[in-house]
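Q: Hey, dropping start.cif in here, mmCIF, C-alpha atoms:
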```
data_input
#
loop_
_atom_site.label_atom_id
_atom_site.label_comp_id
_atom_site.auth_asym_id
_atom_site.auth_seq_id
_atom_site.Cartn_x
_atom_site.Cartn_y
_atom_site.Cartn_z
CA MET A 1 -22.83 2.71 6.03
CA SER A 2 -22.36 1.84 2.35
CA SER A 3 -20.76 -1.52 1.56
CA PRO A 4 -17.04 -1.38 0.69
CA LYS A 5 -16.12 -1.33 -2.98
CA LYS A 6 -15.11 -4.78 -4.24
CA ARG A 7 -11.54 -5.16 -5.45
CA LEU A 8 -9.54 -7.76 -7.31
CA ILE A 9 -7.09 -9.34 -4.88
CA LEU A 10 -4.03 -10.52 -6.79
CA TYR A 11 -1.62 -11.09 -3.89
CA ASP A 12 -1.89 -12.30 -0.34
CA ILE A 13 1.26 -10.38 0.60
CA VAL A 14 3.29 -7.61 -1.05
CA ILE A 15 6.69 -6.55 0.30
CA LEU A 16 6.99 -2.79 -0.13
CA GLY A 17 10.60 -1.59 -0.21
CA ALA A 18 11.93 -5.03 -1.07
CA SER A 19 15.13 -3.67 -2.60
CA GLY A 20 16.10 -1.79 0.58
CA PHE A 21 18.66 -3.27 2.93
CA THR A 22 16.17 -4.80 5.38
CA GLY A 23 13.62 -5.47 2.63
CA ASN A 24 16.21 -7.69 0.96
CA PHE A 25 16.26 -9.97 4.03
CA VAL A 26 12.46 -9.95 4.28
CA THR A 27 12.18 -10.99 0.61
CA SER A 28 14.63 -13.85 1.10
CA GLU A 29 12.72 -15.04 4.17
CA LEU A 30 9.32 -14.96 2.45
CA ALA A 31 10.77 -16.79 -0.56
CA CYS A 32 11.82 -19.62 1.79
CA VAL A 33 8.30 -20.21 3.13
CA ALA A 34 5.87 -18.90 0.49
CA GLN A 35 5.57 -22.12 -1.47
CA GLU A 36 4.97 -24.24 1.62
CA GLU A 37 2.41 -21.73 2.91
CA GLY A 38 0.63 -21.71 -0.45
CA ILE A 39 0.40 -17.95 -0.82
CA THR A 40 0.61 -15.51 -3.69
CA TRP A 41 3.06 -12.67 -3.25
CA ALA A 42 4.94 -9.88 -5.00
CA VAL A 43 7.66 -7.32 -4.36
CA ALA A 44 7.37 -3.58 -4.83
CA GLY A 45 9.69 -0.58 -4.99
CA ARG A 46 10.99 2.16 -7.24
CA ASN A 47 13.62 0.28 -9.23
CA LYS A 48 12.55 -2.75 -11.26
CA LEU A 49 16.08 -3.96 -11.98
CA LYS A 50 17.04 -3.90 -8.29
CA LEU A 51 13.86 -5.77 -7.39
CA ARG A 52 14.61 -8.48 -9.96
CA ALA A 53 18.12 -8.82 -8.54
CA VAL A 54 16.69 -9.20 -5.02
CA LEU A 55 14.34 -11.94 -6.23
CA LYS A 56 17.19 -13.83 -7.90
CA GLU A 57 19.21 -13.72 -4.71
CA ALA A 58 16.17 -14.77 -2.67
CA SER A 59 15.59 -17.78 -4.91
CA LYS A 60 19.15 -18.99 -4.26
CA ARG A 61 18.60 -18.90 -0.51
CA ALA A 62 15.26 -20.66 -0.86
CA GLY A 63 16.90 -23.37 -2.96
CA TYR A 64 14.79 -23.25 -6.09
CA PRO A 65 15.31 -21.79 -9.60
CA TYR A 66 14.54 -18.12 -10.06
CA ASP A 67 10.78 -17.75 -10.47
CA GLN A 68 9.93 -15.20 -13.16
CA GLU A 69 6.27 -15.43 -12.14
CA ILE A 70 6.82 -13.51 -8.90
CA ASP A 71 5.51 -10.09 -9.88
CA VAL A 72 7.59 -6.96 -9.59
CA LEU A 73 5.57 -3.81 -8.96
CA VAL A 74 7.07 -0.39 -9.60
CA VAL A 75 5.76 1.91 -6.87
CA ASP A 76 6.81 5.32 -5.58
CA VAL A 77 5.70 5.77 -1.96
CA GLU A 78 5.49 9.52 -2.54
CA ASP A 79 2.92 8.96 -5.31
CA GLN A 80 -0.48 8.25 -3.75
CA LYS A 81 -1.91 6.98 -7.04
CA SER A 82 0.67 4.22 -7.51
CA LEU A 83 0.42 3.34 -3.83
CA GLY A 84 -3.35 3.07 -4.21
CA HIS A 85 -3.02 0.59 -7.09
CA LEU A 86 -0.61 -1.51 -5.03
CA CYS A 87 -2.78 -1.60 -1.90
CA ALA A 88 -5.92 -2.34 -3.90
CA SER A 89 -4.36 -5.57 -5.19
CA ALA A 90 -3.03 -6.94 -1.86
CA ARG A 91 -4.47 -8.34 1.33
CA ILE A 92 -1.40 -7.42 3.38
CA VAL A 93 1.45 -4.97 2.82
CA LEU A 94 4.72 -5.68 4.60
CA ASN A 95 6.09 -2.14 4.76
CA CYS A 96 9.92 -2.02 4.81
CA VAL A 97 10.16 1.58 3.58
CA GLY A 98 11.84 3.93 6.01
CA PRO A 99 12.32 6.32 7.58
CA TYR A 100 8.72 5.84 8.66
CA HIS A 101 8.29 9.35 10.04
CA VAL A 102 8.91 10.64 6.49
CA LEU A 103 7.39 7.97 4.24
CA GLY A 104 5.18 5.91 6.52
CA ASP A 105 2.07 8.08 6.57
CA ASN A 106 1.53 7.82 2.80
CA VAL A 107 1.50 4.03 3.03
CA VAL A 108 -0.84 4.07 6.02
CA GLN A 109 -3.30 6.34 4.20
CA ALA A 110 -3.25 4.15 1.08
CA CYS A 111 -3.83 0.98 3.13
CA LEU A 112 -6.73 2.60 4.97
CA ALA A 113 -8.32 3.82 1.75
CA ASN A 114 -8.14 0.34 0.19
CA ARG A 115 -8.86 -1.74 3.33
CA THR A 116 -5.43 -3.42 3.17
CA HIS A 117 -3.74 -4.76 6.30
CA HIS A 118 -0.40 -3.14 7.18
CA VAL A 119 2.58 -4.70 8.99
CA ASP A 120 5.75 -2.71 9.65
CA ILE A 121 9.09 -3.10 11.42
CA SER A 122 9.32 0.49 12.61
CA GLY A 123 11.26 1.32 15.73
CA GLU A 124 10.20 4.97 15.54
CA LEU A 125 7.93 5.57 18.54
CA GLN A 126 6.65 8.84 17.15
CA PHE A 127 5.33 7.06 14.05
CA LEU A 128 3.96 4.01 15.89
CA GLU A 129 2.04 5.94 18.52
CA LYS A 130 0.82 8.60 16.10
CA VAL A 131 -0.72 5.89 13.90
CA GLN A 132 -2.55 4.50 16.93
CA LEU A 133 -3.73 7.94 18.02
CA GLU A 134 -4.98 9.05 14.61
CA HIS A 135 -6.13 5.86 12.88
CA HIS A 136 -7.22 3.23 15.42
CA GLU A 137 -10.94 3.98 15.29
CA GLU A 138 -11.02 4.31 11.49
CA ALA A 139 -9.10 1.04 11.10
CA LYS A 140 -11.64 -0.71 13.35
CA LYS A 141 -14.54 0.62 11.28
CA LYS A 142 -12.90 -0.55 8.07
CA CYS A 143 -11.89 -3.93 9.55
CA VAL A 144 -8.21 -3.32 8.77
CA TYR A 145 -5.28 -4.29 10.99
CA PHE A 146 -2.22 -2.09 11.45
CA ILE A 147 0.38 -3.97 13.46
CA GLY A 148 3.62 -2.08 14.09
CA ALA A 149 7.05 -2.94 15.49
CA CYS A 150 6.99 -6.46 14.02
CA GLY A 151 10.75 -6.68 13.74
CA SER A 152 13.08 -7.66 16.57
CA THR A 153 10.87 -5.74 19.02
CA LEU A 154 8.26 -8.44 18.48
CA THR A 155 10.43 -10.91 20.42
CA SER A 156 10.30 -8.69 23.53
CA ASP A 157 6.56 -8.09 23.33
CA MET A 158 5.63 -11.70 22.56
CA GLY A 159 8.22 -12.79 25.13
CA VAL A 160 6.24 -11.02 27.87
CA GLU A 161 3.08 -12.82 26.68
CA PHE A 162 5.00 -16.12 26.74
CA CYS A 163 6.11 -15.42 30.32
CA LYS A 164 2.51 -14.78 31.37
CA GLU A 165 1.42 -18.11 29.92
CA ASN A 166 4.15 -20.00 31.77
CA PHE A 167 4.08 -18.15 35.10
CA ASP A 168 1.91 -19.98 37.61
CA GLY A 169 0.75 -16.91 39.47
CA GLU A 170 0.90 -13.18 38.72
CA ILE A 171 3.90 -11.29 37.32
CA ASN A 172 4.93 -7.97 38.83
CA SER A 173 7.98 -7.12 36.71
CA ILE A 174 10.25 -8.43 33.98
CA LYS A 175 13.82 -7.44 33.16
CA GLY A 176 15.08 -8.32 29.70
CA TYR A 177 18.77 -8.84 28.96
CA THR A 178 19.83 -8.96 25.30
CA LEU A 179 23.08 -10.57 24.21
CA MET A 180 24.25 -10.22 20.60
CA GLU A 181 27.14 -12.48 19.63
CA SER A 182 29.16 -12.20 16.45
CA GLY A 183 31.44 -14.79 14.92
CA VAL A 184 33.29 -12.09 12.95
CA ARG A 185 35.56 -9.40 14.27
CA ASP A 186 34.12 -6.38 12.43
CA SER A 187 30.38 -6.39 13.05
CA TYR A 188 28.23 -3.32 12.36
CA TYR A 189 24.76 -2.18 11.27
CA HIS A 190 23.31 -0.20 8.37
CA SER A 191 23.24 3.58 8.72
CA THR A 192 19.43 3.69 8.32
CA SER A 193 19.20 2.34 11.88
CA TRP A 194 21.50 5.15 12.99
CA ASP A 195 19.20 7.70 11.33
CA SER A 196 16.23 6.26 13.23
CA VAL A 197 18.13 6.71 16.50
CA LEU A 198 18.90 10.33 15.58
CA HIS A 199 15.27 11.04 14.77
CA ALA A 200 14.13 9.53 18.08
CA SER A 201 16.53 11.76 19.99
CA CYS A 202 15.22 14.97 18.40
CA SER A 203 11.48 14.19 18.43
CA ARG A 204 10.95 13.73 22.15
CA LYS A 205 8.74 16.82 22.51
CA GLU A 206 6.47 15.69 19.67
CA LEU A 207 6.32 12.20 21.16
CA ALA A 208 5.38 13.68 24.55
CA ASP A 209 2.53 15.62 22.91
CA ILE A 210 1.26 12.46 21.20
CA ARG A 211 1.35 10.51 24.45
CA GLN A 212 -0.53 13.22 26.31
CA LYS A 213 -3.45 12.67 23.91
CA LEU A 214 -3.05 8.90 23.56
CA TYR A 215 -2.70 8.03 27.25
CA VAL A 216 -5.56 10.00 28.76
CA SER A 217 -5.79 7.92 31.93
CA PRO A 218 -2.74 6.55 33.79
CA LEU A 219 -2.17 2.91 34.64
CA PRO A 220 -2.53 1.98 38.34
CA GLN A 221 0.68 2.42 40.30
CA PRO A 222 2.24 -0.92 41.32
CA SER A 223 2.78 -1.58 45.01
CA HIS A 224 6.29 -2.91 44.28
CA LYS A 225 8.01 -0.71 41.73
CA GLN A 226 10.75 -2.10 39.54
CA ARG A 227 14.17 -0.79 40.49
CA ILE A 228 15.83 1.61 38.04
CA ARG A 229 19.44 0.59 37.38
CA MET A 230 22.40 2.87 36.74
CA PRO A 231 23.44 3.52 33.09
CA ILE A 232 26.29 1.02 33.60
CA PHE A 233 26.00 -1.86 36.07
CA TYR A 234 27.13 -5.43 36.58
CA CYS A 235 24.29 -7.98 36.57
CA ASP A 236 25.07 -10.97 38.78
CA ASN A 237 22.29 -13.07 37.23
CA MET A 238 23.68 -12.59 33.71
CA TYR A 239 27.40 -12.42 34.64
CA SER A 240 27.67 -9.36 32.40
CA TRP A 241 28.12 -5.63 32.36
CA CYS A 242 24.88 -4.07 31.11
CA VAL A 243 23.55 -0.79 29.75
CA PRO A 244 19.93 0.30 29.16
CA SER A 245 18.50 -0.70 25.79
CA LEU A 246 16.75 1.72 23.45
CA GLU A 247 13.31 2.85 24.65
CA VAL A 248 11.47 1.17 21.77
CA ASP A 249 10.97 -2.33 23.15
CA ALA A 250 9.85 -1.18 26.60
CA ALA A 251 7.48 1.40 25.06
CA VAL A 252 5.83 -1.21 22.83
CA VAL A 253 5.45 -3.60 25.79
CA TYR A 254 3.90 -0.71 27.76
CA ARG A 255 1.28 -0.19 25.05
CA THR A 256 0.45 -3.89 25.17
CA GLN A 257 0.06 -3.70 28.95
CA ARG A 258 -2.31 -0.76 28.59
CA TYR A 259 -4.37 -2.72 26.08
CA ASN A 260 -4.49 -5.80 28.33
CA TYR A 261 -5.45 -3.73 31.37
CA LYS A 262 -8.26 -1.94 29.55
CA THR A 263 -9.57 -4.84 27.44
CA ASN A 264 -8.70 -8.00 29.36
CA ASN A 265 -8.72 -6.59 32.90
CA THR A 266 -5.23 -7.92 33.67
CA ARG A 267 -2.61 -6.39 35.96
CA PRO A 268 0.02 -4.40 34.01
CA ILE A 269 3.55 -5.82 34.02
CA GLN A 270 6.52 -3.52 34.51
CA TYR A 271 9.18 -4.06 31.87
CA ARG A 272 12.72 -2.81 31.37
CA GLU A 273 15.34 -4.02 28.91
CA TYR A 274 19.12 -3.95 28.97
CA ILE A 275 21.96 -4.92 26.63
CA ARG A 276 24.69 -7.26 27.85
CA MET A 277 28.16 -5.99 26.98
CA PRO A 278 31.44 -7.96 26.54
CA SER A 279 33.30 -5.68 28.97
CA VAL A 280 32.97 -2.52 31.02
CA ILE A 281 34.97 -0.67 28.31
CA ASN A 282 32.31 -1.53 25.72
CA ALA A 283 29.60 -0.43 28.15
CA ILE A 284 31.28 2.95 28.69
CA ALA A 285 31.67 3.43 24.93
CA ILE A 286 27.95 2.81 24.34
CA VAL A 287 26.97 5.32 27.03
CA VAL A 288 29.36 7.94 25.62
CA ILE A 289 27.89 7.52 22.11
CA ALA A 290 24.35 7.81 23.53
CA LEU A 291 25.27 11.04 25.32
CA LEU A 292 26.85 12.35 22.11
CA VAL A 293 23.63 11.71 20.20
CA LEU A 294 21.49 13.38 22.87
CA LEU A 295 23.69 16.46 23.19
CA VAL A 296 24.86 17.06 19.62
CA GLY A 297 21.65 15.74 18.06
CA SER A 298 19.58 18.43 19.77
CA PHE A 299 20.96 20.96 17.22
CA ARG A 300 20.17 20.90 13.51
CA PHE A 301 23.80 21.21 12.45
CA GLY A 302 24.75 18.55 14.99
CA ARG A 303 22.19 16.14 13.52
CA TYR A 304 23.58 16.88 10.07
CA LEU A 305 27.10 15.94 11.20
CA LEU A 306 25.93 12.79 12.97
CA SER A 307 23.90 11.70 9.95
CA SER A 308 26.66 12.52 7.46
CA PHE A 309 29.38 10.58 9.28
CA PRO A 310 27.65 7.58 10.90
CA GLY A 311 30.77 5.40 10.96
CA PHE A 312 32.93 7.95 12.73
CA CYS A 313 30.24 9.21 15.14
CA SER A 314 29.16 5.71 16.17
CA ALA A 315 32.72 4.41 16.57
CA GLY A 316 32.22 2.08 13.61
CA SER A 317 28.95 0.53 14.84
CA PHE A 318 26.95 1.85 11.85
CA GLN A 319 28.12 1.98 8.23
CA ARG A 320 26.45 3.19 5.04
CA LYS A 321 27.09 -0.07 3.18
CA GLY A 322 25.67 -2.23 5.97
CA PRO A 323 26.94 -5.69 6.92
CA SER A 324 27.40 -8.44 4.35
CA LYS A 325 25.16 -11.53 4.28
CA SER A 326 28.05 -13.63 5.64
CA GLN A 327 28.54 -11.23 8.54
CA VAL A 328 24.84 -11.46 9.39
CA SER A 329 24.80 -15.25 9.11
CA ASP A 330 27.67 -15.48 11.63
CA CYS A 331 25.70 -13.66 14.35
CA THR A 332 23.17 -14.86 16.92
CA PHE A 333 21.17 -13.28 19.71
CA SER A 334 19.52 -14.26 22.97
CA LEU A 335 17.03 -12.34 25.11
CA THR A 336 16.76 -13.55 28.70
CA LEU A 337 13.60 -12.48 30.54
CA TYR A 338 13.88 -12.49 34.32
CA CYS A 339 10.38 -12.45 35.86
CA GLU A 340 9.37 -11.74 39.44
CA GLY A 341 5.86 -12.01 40.84
CA TRP A 342 3.54 -13.78 43.22
CA SER A 343 2.41 -17.37 43.39
CA LYS A 344 -1.09 -16.17 44.30
CA LYS A 345 -3.31 -14.09 42.03
CA LEU A 346 -5.41 -11.25 43.42
CA PRO A 347 -8.33 -9.35 41.90
CA ILE A 348 -6.97 -6.47 39.87
CA GLN A 349 -8.56 -3.96 42.26
CA GLN A 350 -6.33 -5.24 45.09
CA GLN A 351 -2.62 -4.61 45.51
CA HIS A 352 -0.16 -7.22 46.75
CA THR A 353 1.15 -6.25 50.19
CA GLN A 354 3.87 -8.89 50.30
CA HIS A 355 7.07 -8.81 48.29
CA PRO A 356 7.22 -11.02 45.16
CA ASP A 357 7.79 -14.65 46.16
CA LYS A 358 8.10 -16.35 42.77
CA LYS A 359 10.58 -16.16 39.87
CA LEU A 360 10.84 -17.44 36.32
CA MET A 361 13.44 -17.20 33.58
CA VAL A 362 12.63 -17.39 29.88
CA ARG A 363 15.10 -17.30 27.03
CA ILE A 364 14.43 -16.30 23.42
CA SER A 365 17.20 -17.10 20.96
CA GLY A 366 17.73 -17.01 17.24
CA PRO A 367 19.86 -15.79 14.34
CA GLU A 368 21.23 -12.26 14.04
CA MET A 369 18.71 -9.89 15.60
CA VAL A 370 18.55 -6.66 13.58
CA TYR A 371 18.14 -8.15 10.10
CA ALA A 372 17.73 -11.95 10.12
CA THR A 373 15.37 -12.25 13.10
CA THR A 374 13.59 -9.06 12.07
CA ALA A 375 12.84 -10.61 8.67
CA ILE A 376 11.59 -13.85 10.26
CA CYS A 377 9.36 -11.94 12.68
CA MET A 378 7.88 -9.71 10.00
CA VAL A 379 7.11 -12.55 7.59
CA GLN A 380 5.59 -14.76 10.28
CA ALA A 381 3.54 -11.83 11.60
CA GLY A 382 2.16 -11.31 8.10
CA LEU A 383 1.39 -15.01 7.64
CA THR A 384 -0.27 -15.20 11.07
CA LEU A 385 -2.45 -12.21 10.21
CA LEU A 386 -3.33 -13.84 6.90
CA LYS A 387 -4.22 -17.25 8.33
CA GLU A 388 -5.41 -16.56 11.87
CA ALA A 389 -7.26 -13.26 11.58
CA ASP A 390 -10.17 -14.77 13.51
CA LYS A 391 -7.92 -14.97 16.61
CA LEU A 392 -6.97 -11.29 16.52
CA PRO A 393 -8.81 -8.68 18.65
CA GLU A 394 -11.92 -6.90 17.38
CA LYS A 395 -12.13 -6.95 13.58
CA GLY A 396 -9.44 -4.38 12.97
CA GLY A 397 -7.49 -1.51 14.54
CA VAL A 398 -3.96 -0.43 15.40
CA TYR A 399 -2.16 -2.88 17.69
CA THR A 400 1.19 -3.92 19.09
CA PRO A 401 2.40 -7.47 18.34
CA GLY A 402 1.55 -8.66 21.87
CA ALA A 403 -1.97 -7.26 21.73
CA ALA A 404 -2.60 -8.61 18.24
CA PHE A 405 -1.04 -12.06 18.35
CA ALA A 406 -1.39 -13.22 21.98
CA LYS A 407 -4.01 -15.85 21.09
CA THR A 408 -2.40 -17.05 17.85
CA ASP A 409 0.25 -19.65 17.03
CA LEU A 410 2.87 -17.01 16.18
CA ILE A 411 5.38 -18.23 18.79
CA GLU A 412 5.15 -21.78 17.39
CA ARG A 413 5.61 -20.39 13.88
CA LEU A 414 8.71 -18.48 14.97
CA GLY A 415 10.10 -21.64 16.56
CA GLU A 416 9.83 -23.44 13.22
CA ARG A 417 12.05 -20.70 11.76
CA ASN A 418 14.66 -21.04 14.53
CA VAL A 419 13.50 -18.19 16.79
CA ILE A 420 13.01 -20.22 19.96
CA PHE A 421 11.02 -19.31 23.09
CA LYS A 422 11.68 -21.56 26.08
CA VAL A 423 11.47 -21.64 29.86
CA ILE A 424 14.83 -22.11 31.56
#
```
Would you mind writing the file out in structure tokens?
A:
Amino acid sequence: MSSPKKRLILYDIVILGASGFTGNFVTSELACVAQEEGITWAVAGRNKLKLRAVLKEASKRAGYPYDQEIDVLVVDVEDQKSLGHLCASARIVLNCVGPYHVLGDNVVQACLANRTHHVDISGELQFLEKVQLEHHEEAKKKCVYFIGACGSTLTSDMGVEFCKENFDGEINSIKGYTLMESGVRDSYYHSTSWDSVLHASCSRKELADIRQKLYVSPLPQPSHKQRIRMPIFYCDNMYSWCVPSLEVDAAVVYRTQRYNYKTNNTRPIQYREYIRMPSVINAIAIVVIALLVLLVGSFRFGRYLLSSFPGFCSAGSFQRKGPSKSQVSDCTFSLTLYCEGWSKKLPIQQQHTQHPDKKLMVRISGPEMVYATTAICMVQAGLTLLKEADKLPEKGGVYTPGAAFAKTDLIERLGERNVIFKVI
């Protein structure tokens, strides 16, 4: 095979889509740590004036004068030529441009062509699993890492790895309970997250086709299956009414378990995640909205209505303007992982005949989950990839956060940025 063409690396990290709503938070977070980490970085997007404004705001949060030397790159993700120039100059692209099912493939192709590592915060399972299906082998050959779902989902996936490290025995199942607390009365999310939910609801057939090709062989069936809870239930351990969380986190954890089973010969862990609600009324409202999306979103005109009126259709949970910085700063989250397993380990070929006899609780906590913690996770994932690539699997490929970063210091890095993992 011919040696790769040499390129002039100008930046360790480039944030693509920095002027977007989530990209704004990612830029502010990288600005806070870039100088201490000693890295070169830049921002990229379609509008130079907006990017400059984002950098000025980021410099205020970081506590230093606006740095004119941070480069602003004008890039259109629908123009492969400009994307190619961007990727050729960077070691890592932090891709904040969504929706990923529309714009993500162009960025992936450009990163592959230029041997540039790619980190995203996608929660779109169709995109994440399609990238693994179509590009894993090529990425390995080109020694390029594609690590998806490095936003808030990373806390769930790395949380399972943290539980494994601290469980003296063998884990059978983990239930995750997320609590999001707001210090302000009117708390909501940006409508781009609503659009991702709508896309997920109408792409289930395509996702099923991808999985049929991606998961050729099934995982071994556990001897003690995790109990499936009702859509609304009261959890005695958490003292809360709960509803099932979106499929994303559990699906990413499942991919990590498949990787660990195949590569590390470890027993797969069953994982389910739920959201803790303030009251049974809130729980019922969430379930009703979910049913509305599933039923109405199955029709093209229904999806149009849901997408056009996110505030009304989501009962105010999603708004086109998105929350203000002060609203985000007043929020926190915690994810409690309730583990059950056995004090004794068995060879993976053997099944446990006795019921689980050991338990462990782990709590992950931090600032607001959807934007603040997502930005912290993405930036620290990029920095870990940059500085600890020798601890990642193989020499490249498409991986989940848990598969990629299990042997790195990512959890310690997150702790330094106030995303704390601890055993209760």
Q: Using all atoms listed in the file, can you tell me which of A:Met230, A:Ala90, A:Val296, A:Val77 comes closest to Val102 of chain A?
A: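 For Val102 of chain A, the nearest of the candidates is A:Val77.
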Q: Hey, which of A:Ala149, A:Leu292, A:Leu207, A:Ile275 ends up closest to Val248 of chain A? Count all atoms listed in the file.
A: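 Going through A:Ala149, A:Leu292, A:Leu207, A:Ile275 one by one, the smallest distance to Val248 of chain A is for A:Ala149.
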Q: Which residues, named as in the file, does the PyMOL selection byres ((chain A and resi 297) around 12) pick out? Answer as a PyMOL selection string.
A: chain A and resi 194-204+289-296+298-307+313
Q: Using all atoms listed in the file, find the one residue out of A:Ser122, A:Asn237, A:Thr332, A:Ser365 that sits nearest to Gly415 of chain A.
A: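 Nearest to Gly415 of chain A: A:Ser365.
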Q: My list of candidates is A:Lys130, A:Ala283, A:Ala110, A:Met238. Which is closest to Ala208 of chain A when distances are computed with all atoms listed in the file?
A: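 Closest candidate: A:Lys130.
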Q: Using all atoms listed in the file, find the one residue out of A:Leu385, A:Val74, A:Ala88, A:Ile121 that sits nearest to Ile9 of chain A.
A: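 The closest residue to Ile9 of chain A is A:Ala88.
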